[in-house]
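A.B. asks: So that we are looking at the same thing, I have put the structure below in structure tokens.
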Amino acid sequence: MRHGKTINHLGRTASHRNAMLSNMASSLIVSKRITTTVAKAKALRKFIEPLLTKAKSDTTHSRRTVFSTLQNKESIKELFDVVAGKIANRPGGYTRIIKLSDSRLGDNAEMCVIELVDYNEALLEAKSAGEAKTTTRRSRGKKKATTTEAAAPAAEAAPAAAATTEVSAPEDTATETLHNDETREEKAAE
């Protein structure tokens with residue numbers, strides 16, 4: 001039974017395991033995605049997440065602490081200069097593990113790709129496109145209440161709007177977007 005055993009030793013001694021995870025973490029920071037086994041990827045995630053959190057505060061102490069773990073100047077520079085800026089607003093969960101359908105030929109080990117979340121452009125574009133399209137039906141009841149309140153003033157303004165003719169603005173005139181029930185007169189006063 002493996003009750004209470006939280007560390008996967010990966011069939012290695014402690015020094016070999018730490019060196020391997022340090023090298024894998026450096027490779028992940030530099031190349032942003034690596035292919036490895038699922039067991040190593042899960043161990044690497046537990047190893048690198050605290051380092052990425054530490055990198056969000058760019059101080060001499062945090063640089064020295066991370067360097068004592070990684071022992072690679074190029075990956076430290078990349079981590080604090082490039083990666084820390086991308087993950088600054090993320091509260092955690094900096095890595096993603098994507099399992100591959102193929103297993104390794106030699107020993108039939110499950111393979112996966114571990115990557116830094118903010119560097120997968122394909123998924124980021126798909127997510128932003130999905131957010132623009134998504135609508136929920138649950139908010140429909142709330143919209144009815146706001147549309148009935150907005151319909152009464154609109155009904156009063158409708159006869160006045162019908163009397164005026166529409167004139168398009170010249171092409172070189174800048175237009176401004178109104179936010180949060182702001183009127184054009186309030187916007188002009190600012």
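Letters A, B, ... go to the chains of the structure tokens in the order shown; residues in each chain start at 1; ligands are counted from 1 in the same order.
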List the spatial neighbours of Ile29 (chain A) as a PyMOL selection string - criterion: any atom at most 12 Å away, only C-alpha atoms, same-chain residues fewer than 2 positions off excluded.

C.D. replies: chain A and resi 22-27+31-34+44+48-49+51-52+55+70+72-84+94-95+114-119

A.B. asks: Give me the residues near region 38-40 of chain A as a tab-separated table (two decimals) with N, CA and C atoms, in the first residue's frame, where near means some atom within 7 Å (using only C-alpha atoms) and where sequence neighbours in that chain fewer than 3 positions away do not count.

C.D. replies:
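Output file part_10.tsv is given in full below:
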chain	number	residue	atom	x	y	z
A	43	ALA	N	5.67	14.96	-11.78
A	43	ALA	CA	6.70	15.31	-10.80
A	43	ALA	C	7.31	16.67	-11.13
A	44	LEU	N	7.48	16.95	-12.42
A	44	LEU	CA	8.04	18.24	-12.83
A	44	LEU	C	7.10	19.39	-12.50
A	110	GLU	N	3.39	5.84	-21.04
A	110	GLU	CA	2.47	6.89	-21.48
A	110	GLU	C	3.25	8.18	-21.68
A	111	MET	N	3.08	8.80	-22.85
A	111	MET	CA	3.81	10.02	-23.16
A	111	MET	C	2.86	11.22	-23.10
A	112	CYS	N	3.44	12.38	-22.85
A	112	CYS	CA	2.65	13.60	-22.77
A	112	CYS	C	3.53	14.79	-23.14

A.B. asks: Can you list, as a list in words, every residue of region 37-111 of chain A that DSSP puts in strand (DSSP E or B)?

C.D. replies: Thr37, Thr95, Arg96, Ile97, Ile98, Lys99, Leu100, Ser101, Asp102, Ser103, Glu110 and Met111 of chain A

A.B. asks: Would you compute the distance between CA of Val113 (chain A) and CA of Leu28 (chain A)? Give it in Å to one decimal.

C.D. replies: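 That distance, rounded to one decimal, is 10.4 Å.
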
A.B. asks: For CA of Lys54 (chain A) and CA of Val66 (chain A), quote the distance in Å rounded to one decimal.

C.D. replies: 7.4 Å

A.B. asks: Can you measure CA of Lys46 (chain A) to CA of His3 (chain A) for me? One decimal in Å is fine.

C.D. replies: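 Atom-to-atom, CA of Lys46 (chain A) to CA of His3 (chain A), that is 18.8 Å.
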
A.B. asks: Extract the full set of helix (DSSP H, G or I) residues from region 30-148 of chain A according to DSSP on the backbone, and format it as JSON, numbers by chain.

C.D. replies: {"A": [30, 31, 38, 39, 40, 41, 42, 43, 44, 45, 46, 47, 48, 49, 50, 51, 52, 53, 54, 55, 60, 61, 62, 63, 64, 65, 66, 67, 68, 69, 70, 73, 74, 75, 76, 77, 78, 79, 80, 81, 82, 83, 84, 85, 86, 117, 118, 119, 121, 122, 123, 124, 125, 126, 127, 128, 129, 130, 131, 132, 133, 140, 141, 142, 143, 144, 145, 146, 147, 148]}
